[in-house]
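Quick look at structure_11.pdb (PDB, C-alpha atoms):
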ATOM      1  CA  MET A  12       7.175 -14.156 -27.473
ATOM      2  CA  SER A  13       7.540 -10.488 -26.492
ATOM      3  CA  SER A  14      10.432  -8.809 -28.288
ATOM      4  CA  TRP A  15      12.184  -7.790 -25.076
ATOM      5  CA  ARG A  16      12.483 -11.443 -24.030
ATOM      6  CA  LEU A  17      14.784 -11.983 -27.015
ATOM      7  CA  LEU A  18      17.340  -9.550 -25.602
ATOM      8  CA  HIS A  19      20.412 -10.760 -23.745
ATOM      9  CA  LYS A  20      20.642  -9.756 -20.081
ATOM     10  CA  GLU A  21      23.237  -7.021 -20.657
ATOM     11  CA  GLU A  22      21.291  -5.705 -23.633
ATOM     12  CA  LEU A  23      18.080  -5.510 -21.609
ATOM     13  CA  GLU A  24      19.910  -3.604 -18.876
ATOM     14  CA  TYR A  25      21.198  -1.186 -21.499
ATOM     15  CA  GLN A  26      17.735  -0.697 -23.000
ATOM     16  CA  TYR A  27      16.315   0.244 -19.592
ATOM     17  CA  SER A  28      19.151   2.650 -18.700
ATOM     18  CA  PRO A  29      17.992   5.908 -20.336
ATOM     19  CA  SER A  30      20.998   7.868 -19.080
ATOM     20  CA  ARG A  31      23.248   5.847 -21.395
ATOM     21  CA  TRP A  32      21.436   7.127 -24.459
ATOM     22  CA  SER A  33      21.882  10.870 -24.014
ATOM     23  CA  PRO A  34      24.128  12.453 -26.672
ATOM     24  CA  ARG A  35      24.731  15.468 -24.414
ATOM     25  CA  MET A  36      26.932  13.927 -21.715
ATOM     26  CA  ASP A  37      27.812  10.660 -19.986
ATOM     27  CA  LYS A  38      25.344   8.723 -17.855
ATOM     28  CA  ASP A  39      26.403  10.111 -14.473
ATOM     29  CA  ALA A  40      26.675  13.681 -15.693
ATOM     30  CA  VAL A  41      23.246  13.656 -17.351
ATOM     31  CA  ILE A  42      21.576  12.556 -14.108
ATOM     32  CA  GLU A  43      23.458  15.156 -12.071
ATOM     33  CA  ALA A  44      22.508  17.832 -14.591
ATOM     34  CA  HIS A  45      18.877  16.675 -14.547
ATOM     35  CA  VAL A  46      18.588  16.918 -10.776
ATOM     36  CA  ARG A  47      20.294  20.309 -10.785
ATOM     37  CA  GLU A  48      18.052  21.658 -13.549
ATOM     38  CA  ILE A  49      14.733  20.577 -12.050
ATOM     39  CA  THR A  50      15.789  21.636  -8.540
ATOM     40  CA  GLU A  51      16.722  25.125  -9.733
ATOM     41  CA  GLY A  52      13.544  25.304 -11.798
ATOM     42  CA  THR A  53      11.443  24.415  -8.768
ATOM     43  CA  LYS A  54      13.151  27.076  -6.658
ATOM     44  CA  LYS A  55      12.417  29.642  -9.350
ATOM     45  CA  SER A  56       8.753  28.610  -9.549
ATOM     46  CA  ARG A  57       8.430  28.935  -5.788
ATOM     47  CA  SER A  58       9.928  32.427  -5.915
ATOM     48  CA  VAL A  59       7.492  33.771  -8.512
ATOM     49  CA  THR A  60       4.201  32.033  -7.685
ATOM     50  CA  GLU A  61       1.832  31.771  -4.756
ATOM     51  CA  THR A  62       2.485  28.413  -3.082
ATOM     52  CA  LEU A  63       1.049  26.043  -0.521
ATOM     53  CA  LEU A  64       3.867  23.664   0.400
ATOM     54  CA  ASN A  65       3.795  20.284   2.155
ATOM     55  CA  VAL A  66       0.020  19.977   2.112
ATOM     56  CA  PRO A  67      -0.856  16.506   3.476
ATOM     57  CA  TYR A  68      -3.238  14.346   1.451
ATOM     58  CA  GLY A  69      -2.893  11.375   3.806
ATOM     59  CA  ALA A  70      -1.352  10.241   7.066
ATOM     60  CA  LEU A  71       1.903   8.742   5.769
ATOM     61  CA  GLU A  72       5.121  10.732   5.727
ATOM     62  CA  GLY A  73       5.370  10.734   1.936
ATOM     63  CA  GLU A  74       1.768  11.811   1.335
ATOM     64  CA  LYS A  75       2.230  15.513   0.686
ATOM     65  CA  ILE A  76       1.597  17.940  -2.167
ATOM     66  CA  ASP A  77       3.057  21.283  -3.178
ATOM     67  CA  ILE A  78       0.493  23.564  -4.822
ATOM     68  CA  TYR A  79       1.262  26.527  -7.092
ATOM     69  CA  LEU A  80      -1.692  28.875  -7.604
ATOM     70  CA  PRO A  81      -2.506  31.711 -10.012
ATOM     71  CA  SER A  82      -2.440  35.043  -8.162
ATOM     72  CA  HIS A  83      -5.844  36.191  -9.383
ATOM     73  CA  PRO A  84      -7.768  33.215 -10.747
ATOM     74  CA  SER A  85     -10.899  34.181 -12.647
ATOM     75  CA  GLY A  86     -13.746  31.836 -11.754
ATOM     76  CA  GLU A  87     -12.989  28.210 -12.449
ATOM     77  CA  PHE A  88      -9.445  27.343 -13.435
ATOM     78  CA  PRO A  89      -7.745  24.172 -14.706
ATOM     79  CA  PHE A  90      -5.494  22.138 -12.428
ATOM     80  CA  PHE A  91      -2.287  20.463 -13.674
ATOM     81  CA  VAL A  92      -0.971  17.595 -11.525
ATOM     82  CA  PHE A  93       2.633  16.437 -11.964
ATOM     83  CA  VAL A  94       3.940  13.010 -10.894
ATOM     84  CA  HIS A  95       7.725  12.795 -10.879
ATOM     85  CA  GLY A  96       9.890  10.003 -12.247
ATOM     86  CA  GLY A  97      13.010   8.418 -10.790
ATOM     87  CA  TYR A  98      12.336   4.719 -11.466
ATOM     88  CA  TRP A  99      10.026   4.645  -8.418
ATOM     89  CA  GLN A 100      13.070   5.039  -6.124
ATOM     90  CA  PHE A 101      14.450   8.554  -6.575
ATOM     91  CA  LEU A 102      13.356  12.231  -6.646
ATOM     92  CA  SER A 103      10.451  13.936  -4.878
ATOM     93  CA  LYS A 104       8.116  16.912  -5.067
ATOM     94  CA  GLU A 105      11.027  19.086  -3.911
ATOM     95  CA  GLU A 106      12.346  18.983  -7.494
ATOM     96  CA  SER A 107       8.975  18.723  -9.227
ATOM     97  CA  GLY A 108       7.613  22.258  -9.484
ATOM     98  CA  PHE A 109       9.930  23.381 -12.274
ATOM     99  CA  MET A 110       7.115  23.671 -14.844
ATOM    100  CA  ALA A 111       4.808  25.663 -12.568
ATOM    101  CA  ALA A 112       5.802  29.219 -13.512
ATOM    102  CA  PRO A 113       4.736  29.186 -17.197
ATOM    103  CA  LEU A 114       1.539  27.290 -16.401
ATOM    104  CA  VAL A 115       0.542  29.543 -13.517
ATOM    105  CA  ARG A 116       1.198  32.605 -15.706
ATOM    106  CA  ASN A 117      -1.506  31.230 -17.975
ATOM    107  CA  GLY A 118      -4.041  30.791 -15.182
ATOM    108  CA  ILE A 119      -3.403  27.093 -14.512
ATOM    109  CA  ALA A 120      -2.895  25.795 -10.966
ATOM    110  CA  VAL A 121      -0.169  23.187 -10.488
ATOM    111  CA  ALA A 122       0.282  20.409  -7.936
ATOM    112  CA  ALA A 123       3.526  18.463  -7.503
ATOM    113  CA  LEU A 124       2.952  15.142  -5.764
ATOM    114  CA  ASP A 125       5.044  13.142  -3.360
ATOM    115  CA  TYR A 126       4.636   9.410  -2.919
ATOM    116  CA  ASP A 127       6.592   6.850  -0.911
ATOM    117  CA  ILE A 128       9.353   5.687  -3.235
ATOM    118  CA  ALA A 129      11.112   2.338  -2.875
ATOM    119  CA  PRO A 130      12.400   0.745  -0.775
ATOM    120  CA  LYS A 131      10.001   2.354   1.715
ATOM    121  CA  GLY A 132       7.092   2.221  -0.699
ATOM    122  CA  HIS A 133       5.982  -0.590  -2.991
ATOM    123  CA  MET A 134       4.167  -0.347  -6.308
ATOM    124  CA  ASP A 135       0.658  -0.958  -4.930
ATOM    125  CA  LEU A 136       1.165   1.803  -2.371
ATOM    126  CA  MET A 137       2.521   4.308  -4.901
ATOM    127  CA  ILE A 138      -0.412   3.750  -7.254
ATOM    128  CA  SER A 139      -2.845   4.116  -4.356
ATOM    129  CA  GLN A 140      -1.147   7.314  -3.197
ATOM    130  CA  VAL A 141      -1.381   8.940  -6.614
ATOM    131  CA  ARG A 142      -5.062   8.032  -6.808
ATOM    132  CA  ARG A 143      -5.777   9.369  -3.328
ATOM    133  CA  SER A 144      -3.844  12.575  -3.982
ATOM    134  CA  ILE A 145      -6.013  13.215  -7.047
ATOM    135  CA  VAL A 146      -9.171  12.723  -4.992
ATOM    136  CA  PHE A 147      -7.800  15.067  -2.332
ATOM    137  CA  ILE A 148      -7.191  17.811  -4.901
ATOM    138  CA  VAL A 149     -10.705  17.679  -6.344
ATOM    139  CA  GLN A 150     -12.181  17.668  -2.842
ATOM    140  CA  GLN A 151     -10.143  20.729  -1.863
ATOM    141  CA  TYR A 152     -10.826  22.522  -5.152
ATOM    142  CA  PRO A 153     -14.331  21.417  -6.202
ATOM    143  CA  HIS A 154     -14.806  24.279  -8.659
ATOM    144  CA  ILE A 155     -11.809  23.655 -10.919
ATOM    145  CA  SER A 156     -12.663  23.491 -14.613
ATOM    146  CA  GLY A 157     -10.824  20.225 -15.120
ATOM    147  CA  LEU A 158      -7.908  18.089 -14.033
ATOM    148  CA  TYR A 159      -4.861  17.462 -16.242
ATOM    149  CA  LEU A 160      -2.413  14.779 -15.175
ATOM    150  CA  CYS A 161       1.232  14.673 -16.238
ATOM    151  CA  GLY A 162       3.879  12.105 -15.402
ATOM    152  CA  HIS A 163       7.473  11.619 -16.464
ATOM    153  CA  SER A 164       9.109   8.187 -16.776
ATOM    154  CA  ALA A 165       7.948   6.228 -13.700
ATOM    155  CA  GLY A 166       5.485   9.053 -13.093
ATOM    156  CA  ALA A 167       3.942   8.433 -16.519
ATOM    157  CA  HIS A 168       3.355   4.826 -15.452
ATOM    158  CA  LEU A 169       1.608   6.015 -12.284
ATOM    159  CA  VAL A 170      -0.563   8.478 -14.212
ATOM    160  CA  ALA A 171      -1.499   5.771 -16.725
ATOM    161  CA  MET A 172      -2.582   3.560 -13.838
ATOM    162  CA  ALA A 173      -4.623   6.453 -12.423
ATOM    163  CA  LEU A 174      -6.514   6.665 -15.724
ATOM    164  CA  SER A 175      -7.742   3.099 -15.181
ATOM    165  CA  THR A 176      -9.106   3.807 -11.698
ATOM    166  CA  ASP A 177     -12.595   2.793 -10.631
ATOM    167  CA  TRP A 178     -13.396   6.011  -8.800
ATOM    168  CA  THR A 179     -16.544   4.564  -7.240
ATOM    169  CA  ASP A 180     -14.160   3.073  -4.674
ATOM    170  CA  TYR A 181     -13.177   6.605  -3.618
ATOM    171  CA  GLU A 182     -14.950   9.601  -2.109
ATOM    172  CA  ALA A 183     -14.949  11.668  -5.309
ATOM    173  CA  THR A 184     -14.844  11.198  -9.064
ATOM    174  CA  PRO A 185     -12.284  13.547 -10.618
ATOM    175  CA  ASN A 186     -13.033  15.238 -13.917
ATOM    176  CA  ILE A 187      -9.804  14.245 -15.704
ATOM    177  CA  LYS A 188      -9.876  16.033 -19.035
ATOM    178  CA  GLY A 189      -6.301  15.470 -20.171
ATOM    179  CA  ALA A 190      -3.202  13.391 -19.513
ATOM    180  CA  PHE A 191       0.390  13.887 -20.649
ATOM    181  CA  LEU A 192       2.523  10.754 -20.415
ATOM    182  CA  VAL A 193       6.174  11.642 -21.028
ATOM    183  CA  SER A 194       8.822   8.966 -21.685
ATOM    184  CA  GLY A 195       6.904   6.408 -19.677
ATOM    185  CA  ILE A 196       6.872   2.682 -18.987
ATOM    186  CA  TYR A 197       3.602   0.850 -19.566
ATOM    187  CA  ASP A 198       4.713  -2.787 -19.245
ATOM    188  CA  LEU A 199       6.600  -3.561 -16.032
ATOM    189  CA  LEU A 200       7.539  -7.123 -16.943
ATOM    190  CA  PRO A 201      10.896  -6.231 -18.554
ATOM    191  CA  ILE A 202      11.778  -4.231 -15.435
ATOM    192  CA  THR A 203      11.644  -7.387 -13.325
ATOM    193  CA  HIS A 204      14.676  -8.668 -15.248
ATOM    194  CA  THR A 205      16.821  -5.549 -14.785
ATOM    195  CA  TYR A 206      18.823  -3.783 -12.087
ATOM    196  CA  VAL A 207      15.803  -1.560 -11.375
ATOM    197  CA  ASN A 208      14.008  -4.439  -9.680
ATOM    198  CA  ALA A 209      16.773  -4.884  -7.106
ATOM    199  CA  VAL A 210      14.999  -2.221  -5.048
ATOM    200  CA  LEU A 211      11.414  -2.759  -6.226
ATOM    201  CA  HIS A 212      11.334  -6.547  -5.628
ATOM    202  CA  MET A 213       8.482  -7.130  -8.080
ATOM    203  CA  SER A 214       7.441 -10.632  -9.074
ATOM    204  CA  GLU A 215       6.223 -11.150 -12.639
ATOM    205  CA  GLU A 216       2.644 -11.508 -11.357
ATOM    206  CA  PHE A 217       2.976  -8.252  -9.416
ATOM    207  CA  ALA A 218       4.413  -6.500 -12.475
ATOM    208  CA  VAL A 219       1.611  -7.685 -14.756
ATOM    209  CA  ARG A 220      -1.061  -6.569 -12.290
ATOM    210  CA  ASN A 221       0.442  -3.081 -12.134
ATOM    211  CA  SER A 222       1.144  -2.600 -15.849
ATOM    212  CA  PRO A 223      -0.979  -0.027 -17.732
ATOM    213  CA  MET A 224      -0.859  -2.242 -20.845
ATOM    214  CA  GLN A 225      -3.029  -4.702 -18.933
ATOM    215  CA  HIS A 226      -5.620  -2.047 -18.077
ATOM    216  CA  VAL A 227      -6.468  -0.377 -21.378
ATOM    217  CA  MET A 228     -10.059  -1.640 -21.222
ATOM    218  CA  GLU A 229     -10.459   0.097 -17.862
ATOM    219  CA  VAL A 230      -9.147   3.325 -19.393
ATOM    220  CA  LYS A 231     -11.763   2.932 -22.123
ATOM    221  CA  SER A 232     -14.587   2.611 -19.616
ATOM    222  CA  ARG A 233     -13.344   5.083 -17.000
ATOM    223  CA  ALA A 234     -11.478   7.804 -18.920
ATOM    224  CA  GLU A 235     -13.194   7.733 -22.294
ATOM    225  CA  ASN A 236     -13.521  11.518 -22.442
ATOM    226  CA  CYS A 237      -9.915  12.206 -21.467
ATOM    227  CA  SER A 238      -7.509  13.488 -24.140
ATOM    228  CA  ILE A 239      -4.258  11.538 -23.787
ATOM    229  CA  MET A 240      -0.931  12.730 -25.178
ATOM    230  CA  VAL A 241       1.905  10.189 -25.074
ATOM    231  CA  VAL A 242       5.330  11.762 -25.566
ATOM    232  CA  VAL A 243       8.663  10.134 -26.427
ATOM    233  CA  ALA A 244      12.085  11.725 -26.792
ATOM    234  CA  GLU A 245      14.228  11.210 -29.868
ATOM    235  CA  TYR A 246      16.988   9.869 -27.622
ATOM    236  CA  ASP A 247      14.800   7.715 -25.415
ATOM    237  CA  THR A 248      15.868   4.090 -25.599
ATOM    238  CA  PRO A 249      14.284   1.861 -28.269
ATOM    239  CA  GLU A 250      12.495  -0.083 -25.522
ATOM    240  CA  PHE A 251      10.967   3.084 -24.056
ATOM    241  CA  ARG A 252       9.914   4.161 -27.532
ATOM    242  CA  ARG A 253       8.463   0.730 -28.317
ATOM    243  CA  GLN A 254       6.442   0.728 -25.106
ATOM    244  CA  SER A 255       4.985   4.159 -25.850
ATOM    245  CA  GLN A 256       4.069   3.168 -29.390
ATOM    246  CA  GLU A 257       2.380  -0.068 -28.314
ATOM    247  CA  TYR A 258       0.477   1.658 -25.521
ATOM    248  CA  VAL A 259      -0.846   4.276 -27.943
ATOM    249  CA  GLN A 260      -1.833   1.620 -30.468
ATOM    250  CA  SER A 261      -3.718  -0.315 -27.775
ATOM    251  CA  LEU A 262      -5.641   2.777 -26.702
ATOM    252  CA  GLN A 263      -6.344   3.812 -30.283
ATOM    253  CA  ALA A 264      -7.722   0.378 -31.086
ATOM    254  CA  LEU A 265     -10.396   1.064 -28.472
ATOM    255  CA  GLY A 266     -11.288   4.402 -30.032
ATOM    256  CA  LEU A 267      -9.767   6.561 -27.321
ATOM    257  CA  ASN A 268      -8.646  10.120 -27.977
ATOM    258  CA  VAL A 269      -4.880   9.543 -27.869
ATOM    259  CA  CYS A 270      -1.915  10.888 -29.810
ATOM    260  CA  LEU A 271       1.790  10.127 -29.861
ATOM    261  CA  LYS A 272       4.343  12.921 -30.105
ATOM    262  CA  ASP A 273       7.990  12.188 -30.951
ATOM    263  CA  MET A 274      10.081  15.085 -29.626
ATOM    264  CA  ALA A 275      13.138  15.793 -31.764
ATOM    265  CA  GLY A 276      16.530  16.724 -30.331
ATOM    266  CA  VAL A 277      15.887  15.798 -26.698
ATOM    267  CA  ASP A 278      16.701  12.859 -24.447
ATOM    268  CA  HIS A 279      14.885  11.160 -21.573
ATOM    269  CA  PHE A 280      15.789  13.995 -19.226
ATOM    270  CA  ASP A 281      15.664  17.320 -21.029
ATOM    271  CA  VAL A 282      12.379  16.333 -22.687
ATOM    272  CA  ILE A 283      10.781  17.112 -19.309
ATOM    273  CA  GLU A 284      13.299  19.620 -17.901
ATOM    274  CA  LYS A 285      12.437  22.133 -20.610
ATOM    275  CA  LEU A 286       8.860  22.466 -19.369
ATOM    276  CA  SER A 287      10.259  25.338 -17.297
ATOM    277  CA  GLN A 288      10.461  27.287 -20.588
ATOM    278  CA  GLU A 289       7.203  28.731 -21.894
ATOM    279  CA  ASP A 290       8.424  28.730 -25.506
ATOM    280  CA  TYR A 291       9.408  25.034 -25.425
ATOM    281  CA  ILE A 292       7.241  23.113 -27.886
ATOM    282  CA  LEU A 293       5.962  20.609 -25.299
ATOM    283  CA  THR A 294       5.034  23.432 -22.920
ATOM    284  CA  GLN A 295       3.153  25.033 -25.798
ATOM    285  CA  MET A 296       1.363  21.770 -26.618
ATOM    286  CA  ILE A 297       0.308  21.366 -22.990
ATOM    287  CA  LEU A 298      -0.903  24.967 -22.779
ATOM    288  CA  THR A 299      -2.731  24.654 -26.088
ATOM    289  CA  MET A 300      -4.542  21.491 -25.057
ATOM    290  CA  ILE A 301      -5.497  22.722 -21.592
ATOM    291  CA  LEU A 302      -6.636  26.167 -22.690
ATOM    292  CA  SER A 303      -8.452  24.767 -25.731
ATOM    293  CA  ILE A 304     -10.320  22.158 -23.715
ATOM    294  CA  SER A 305     -11.088  24.676 -20.983
ATOM    295  CA  SER A 306     -12.528  27.151 -23.478
ATOM    296  CA  LYS A 307     -14.377  24.932 -25.930
ATOM    297  CA  ALA A 308     -14.209  21.277 -24.891
ATOM    298  CA  SER A 309     -11.544  20.574 -27.504
ATOM    299  CA  SER A 310      -9.666  17.294 -27.857
ATOM    300  CA  CYS A 311      -6.172  16.008 -28.465
ATOM    301  CA  SER A 312      -6.701  15.722 -32.206
ATOM    302  CA  GLN A 313      -8.170  19.240 -32.428
ATOM    303  CA  VAL A 314      -5.079  21.009 -31.107
ATOM    304  CA  ASN A 315      -3.476  23.210 -33.782
ATOM    305  CA  SER A 316      -1.605  20.907 -36.157
ATOM    306  CA  ASP A 317       1.300  23.364 -36.280
ATOM    307  CA  VAL A 318       1.878  22.513 -32.636
ATOM    308  CA  LEU A 319       0.759  18.884 -32.492
ATOM    309  CA  ASP A 320       0.447  16.190 -35.118
ATOM    310  CA  PRO A 321      -2.688  14.118 -34.354
ATOM    311  CA  VAL A 322      -0.802  10.811 -34.564
ATOM    312  CA  LEU A 323       2.909  10.248 -34.979
ATOM    313  CA  TYR A 324       4.014   6.636 -34.901
ATOM    314  CA  VAL A 325       7.542   5.988 -33.725
ATOM    315  CA  PRO A 326       9.651   4.365 -36.450
ATOM    316  CA  GLU A 327      11.193   0.968 -35.893
ATOM    317  CA  ILE A 328      14.693   1.206 -34.441
ATOM    318  CA  SER A 329      17.329  -1.509 -34.702
ATOM    319  CA  LEU A 330      18.415  -2.744 -31.299
ATOM    320  CA  PRO A 331      22.149  -2.961 -30.603
ATOM    321  CA  ALA A 332      23.645  -6.440 -30.415
ATOM    322  CA  ALA A 333      25.223  -5.602 -27.073
ATOM    323  CA  CYS A 334      26.247  -2.659 -24.924
ATOM    324  CA  PRO A 335      28.723  -0.350 -26.637
ATOM    325  CA  ALA A 336      32.322  -0.598 -25.534
ATOM    326  CA  GLY A 337      32.940   1.169 -22.254
ATOM    327  CA  GLN A 338      29.254   1.213 -21.307
ATOM    328  CA  ASP A 339      28.820  -2.093 -19.554
ATOM    329  CA  GLU A 340      28.459  -0.649 -16.067
ATOM    330  CA  ILE A 341      24.903  -0.595 -14.753
ATOM    331  CA  CYS A 342      23.702   2.793 -13.575
ATOM    332  CA  THR A 343      21.796   3.007 -10.314
ATOM    333  CA  TYR A 344      19.101   5.354 -11.584
ATOM    334  CA  HIS A 345      17.642   5.533 -15.066
TER     335      HIS A 345
END
The structure in this file should be written as structure tokens.
Amino acid sequence: MSSWRLLHKEELEYQYSPSRWSPRMDKDAVIEAHVREITEGTKKSRSVTETLLNVPYGALEGEKIDIYLPSHPSGEFPFFVFVHGGYWQFLSKEESGFMAAPLVRNGIAVAALDYDIAPKGHMDLMISQVRRSIVFIVQQYPHISGLYLCGHSAGAHLVAMALSTDWTDYEATPNIKGAFLVSGIYDLLPITHTYVNAVLHMSEEFAVRNSPMQHVMEVKSRAENCSIMVVVAEYDTPEFRRQSQEYVQSLQALGLNVCLKDMAGVDHFDVIEKLSQEDYILTQMILTMILSISSKASSCSQVNSDVLDPVLYVPEISLPAACPAGQDEICTYH
């Protein structure tokens, strides 16, 4: 039996409420601070970079992209695509360009994607939209040196599903050279038993079909040359950390180029917020991988070991017997 099935209902809710685990502030304050930080970061990126906003990649209202471009790109340039989190029911591209400024300064184009979040959108649609947005980008920019996908939380799930895509069903085959999966969910089954599913309405069958853990063989056959970096925060919940560890182990067992990075001193939210800072270690790891691969076809394990350990397994963490006193309310997001 899967370990999460042994958890009591209230314990499972607690494990899938990342905002309750931040040591910086309470659950409501950490979400408010997160939205404020990434919104302000996006405004700053828009003020200092060349942008193409609200570019449609499809006919639906939510199918739009914001693009941040280097001012004077030299020849081919790498393209970084960010898929936001929000438990598939919150946030948008309007808050998702916060990391663009330091990347663009280094000659990397950035796209922030929108997709139709729940309740308007369902999981099949969101996955399809991310896939189609990727195809749109490579069609619009056929001379890019490579595509690098990044997703946070629910966005990491969507990026992981994109890695398993059979691109022969689409009009183009993207050259995905790297993926950064930050504090993600790779098995949706536990979600079906939590408050998160009140809006998503996933059955267990639907959750299994859309879980990256069920598609690792497809990643092997369709993204074998992609360097994959899976990132967890020190103050992510034990369930989030377990899922990341098991996903990495499954990919490694197939011989894929994957590494796991445990980020010290950050929680589920500031682990991604700080990408607005060029000197932040995760920003540096992303820049190192992209620029290394672009220049000499490097790989995840070849990135400078001072910046990135090739493999860091997450230690086992004891699960709490129940929610701590005063924390038995269920948050509506994260």
Which residues of region 204-320 of chain A come within 12 Å of region 48-70 of chain A, and what is each one's closest atom pair and distance in Å (one decimal), counting all atoms listed in the file, sorted by chain and residue number, as a tab-separated table?
residue	atom	partner	partner_atom	distance
A:Phe280	CA	A:Ile49	CA	9.8
A:Asp281	CA	A:Glu48	CA	9.0
A:Val282	CA	A:Ile49	CA	11.7
A:Ile283	CA	A:Ile49	CA	9.0
A:Glu284	CA	A:Ile49	CA	6.1
A:Lys285	CA	A:Ile49	CA	9.0
A:Leu286	CA	A:Gly52	CA	9.3
A:Ser287	CA	A:Gly52	CA	6.4
A:Gln288	CA	A:Gly52	CA	9.5
Kindly resolve the PyMOL selection byres ((chain A and resi 219-233) around 9) on the present coordinates and return the residues as an mmCIF file with C-alpha atoms, in the frame of the given file.
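What follows is the written file result.cif:
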data_model
loop_
_atom_site.group_PDB
_atom_site.id
_atom_site.type_symbol
_atom_site.label_atom_id
_atom_site.label_comp_id
_atom_site.auth_asym_id
_atom_site.auth_seq_id
_atom_site.Cartn_x
_atom_site.Cartn_y
_atom_site.Cartn_z
ATOM 1 C CA MET A 134 4.167 -0.347 -6.308
ATOM 2 C CA ASP A 135 0.658 -0.958 -4.930
ATOM 3 C CA ILE A 138 -0.412 3.750 -7.254
ATOM 4 C CA HIS A 168 3.355 4.826 -15.452
ATOM 5 C CA LEU A 169 1.608 6.015 -12.284
ATOM 6 C CA ALA A 171 -1.499 5.771 -16.725
ATOM 7 C CA MET A 172 -2.582 3.560 -13.838
ATOM 8 C CA ALA A 173 -4.623 6.453 -12.423
ATOM 9 C CA LEU A 174 -6.514 6.665 -15.724
ATOM 10 C CA SER A 175 -7.742 3.099 -15.181
ATOM 11 C CA THR A 176 -9.106 3.807 -11.698
ATOM 12 C CA ASP A 177 -12.595 2.793 -10.631
ATOM 13 C CA TRP A 178 -13.396 6.011 -8.800
ATOM 14 C CA ILE A 196 6.872 2.682 -18.987
ATOM 15 C CA TYR A 197 3.602 0.850 -19.566
ATOM 16 C CA ASP A 198 4.713 -2.787 -19.245
ATOM 17 C CA LEU A 199 6.600 -3.561 -16.032
ATOM 18 C CA LEU A 200 7.539 -7.123 -16.943
ATOM 19 C CA SER A 214 7.441 -10.632 -9.074
ATOM 20 C CA GLU A 215 6.223 -11.150 -12.639
ATOM 21 C CA GLU A 216 2.644 -11.508 -11.357
ATOM 22 C CA PHE A 217 2.976 -8.252 -9.416
ATOM 23 C CA ALA A 218 4.413 -6.500 -12.475
ATOM 24 C CA ALA A 234 -11.478 7.804 -18.920
ATOM 25 C CA GLU A 235 -13.194 7.733 -22.294
ATOM 26 C CA ASN A 236 -13.521 11.518 -22.442
ATOM 27 C CA GLN A 254 6.442 0.728 -25.106
ATOM 28 C CA GLU A 257 2.380 -0.068 -28.314
ATOM 29 C CA TYR A 258 0.477 1.658 -25.521
ATOM 30 C CA SER A 261 -3.718 -0.315 -27.775
ATOM 31 C CA LEU A 262 -5.641 2.777 -26.702
ATOM 32 C CA LEU A 265 -10.396 1.064 -28.472
ATOM 33 C CA GLY A 266 -11.288 4.402 -30.032
ATOM 34 C CA LEU A 267 -9.767 6.561 -27.321
#
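For the set A:Asp77, A:Pro130, A:Leu17, A:Pro84, the residue with the smallest atom-to-atom gap to Glu105 (chain A) is A:Asp77, counting all atoms listed in the file.
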Exercise. Between CA of His279 (chain A) and CA of Asp247 (chain A), measure the distance and give it in Å to one decimal.
Key: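 Separating CA of His279 (chain A) from CA of Asp247 (chain A) is a distance of 5.2 Å.
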Exercise. Using all atoms listed in the file, find the one residue out of A:Trp15, A:Tyr27, A:Phe90, A:Tyr98 that sits nearest to Val149 (chain A).
Key: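 With all atoms listed in the file as the atom set, the closest residue is A:Phe90.
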Practice problem: Between A:Tyr246, A:Ser305, A:Asp37, A:Gln260, single out the one closest to Leu158 (chain A), counting only C-alpha atoms. | Solution: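 Once distances to Leu158 (chain A) are computed over only C-alpha atoms, the minimum belongs to A:Ser305.
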Quiz item: What's the 12 Å shell around Ile292 (chain A), counting only C-alpha atoms, without same-chain residues fewer than 5 positions away, as a PyMOL selection string?
Solution: chain A and resi 242+272-277+282-283+285-287+297-299+317-319
Quiz prompt | Non-local contacts of Asn117 (chain A) (9 Å; all atoms listed in the file; under 3 positions in same chain excluded) as a PyMOL selection string | solution = chain A and resi 81+112-114+120+298+302
Exercise. Could you please determine the separation between CA of Val92 (chain A) and CA of Pro201 (chain A) in Å, to one decimal place?
Key: 27.5 Å
Quiz item: Near His133 (chain A), within 9 Å and counting all atoms listed in the file, which residues show up once chain neighbours fewer than 4 positions away are dropped, as JSON, numbers by chain?
Solution: {"A": [99, 127, 128, 129, 137, 138, 211, 212, 213]}
Practice problem: For each of A:Ser107, A:Val121, A:Asn208, A:Gln151, take the minimum atom-to-atom distance to His163 (chain A), counting only C-alpha atoms, then give the residue where this is smallest. | Solution: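 Answer, going by the shortest atom-to-atom distance: A:Ser107.
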Practice problem: Calculate how many Å separate CA of Glu24 (chain A) from CA of Val241 (chain A), rounding to one decimal. | Solution: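 Distance between the two atoms: 23.5 Å.
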Exercise. Tell me which residues the PyMOL selection byres ((chain A and resi 93-96) around 8) grabs here, as a PyMOL selection string.
Key: chain A and resi 91-92+97-99+101-104+107+121-125+141+160-167+169-170
Residues of the last selection are to be written out with C-alpha atoms, as a compact mmCIF listing (two decimals), keeping the file's coordinate frame.
# COMPACT_ATOMS: atom_id res chain seq x y z
CA PHE A 91 -2.29 20.46 -13.67
CA VAL A 92 -0.97 17.60 -11.52
CA GLY A 97 13.01 8.42 -10.79
CA TYR A 98 12.34 4.72 -11.47
CA TRP A 99 10.03 4.64 -8.42
CA PHE A 101 14.45 8.55 -6.58
CA LEU A 102 13.36 12.23 -6.65
CA SER A 103 10.45 13.94 -4.88
CA LYS A 104 8.12 16.91 -5.07
CA SER A 107 8.98 18.72 -9.23
CA VAL A 121 -0.17 23.19 -10.49
CA ALA A 122 0.28 20.41 -7.94
CA ALA A 123 3.53 18.46 -7.50
CA LEU A 124 2.95 15.14 -5.76
CA ASP A 125 5.04 13.14 -3.36
CA VAL A 141 -1.38 8.94 -6.61
CA LEU A 160 -2.41 14.78 -15.18
CA CYS A 161 1.23 14.67 -16.24
CA GLY A 162 3.88 12.10 -15.40
CA HIS A 163 7.47 11.62 -16.46
CA SER A 164 9.11 8.19 -16.78
CA ALA A 165 7.95 6.23 -13.70
CA GLY A 166 5.48 9.05 -13.09
CA ALA A 167 3.94 8.43 -16.52
CA LEU A 169 1.61 6.02 -12.28
CA VAL A 170 -0.56 8.48 -14.21
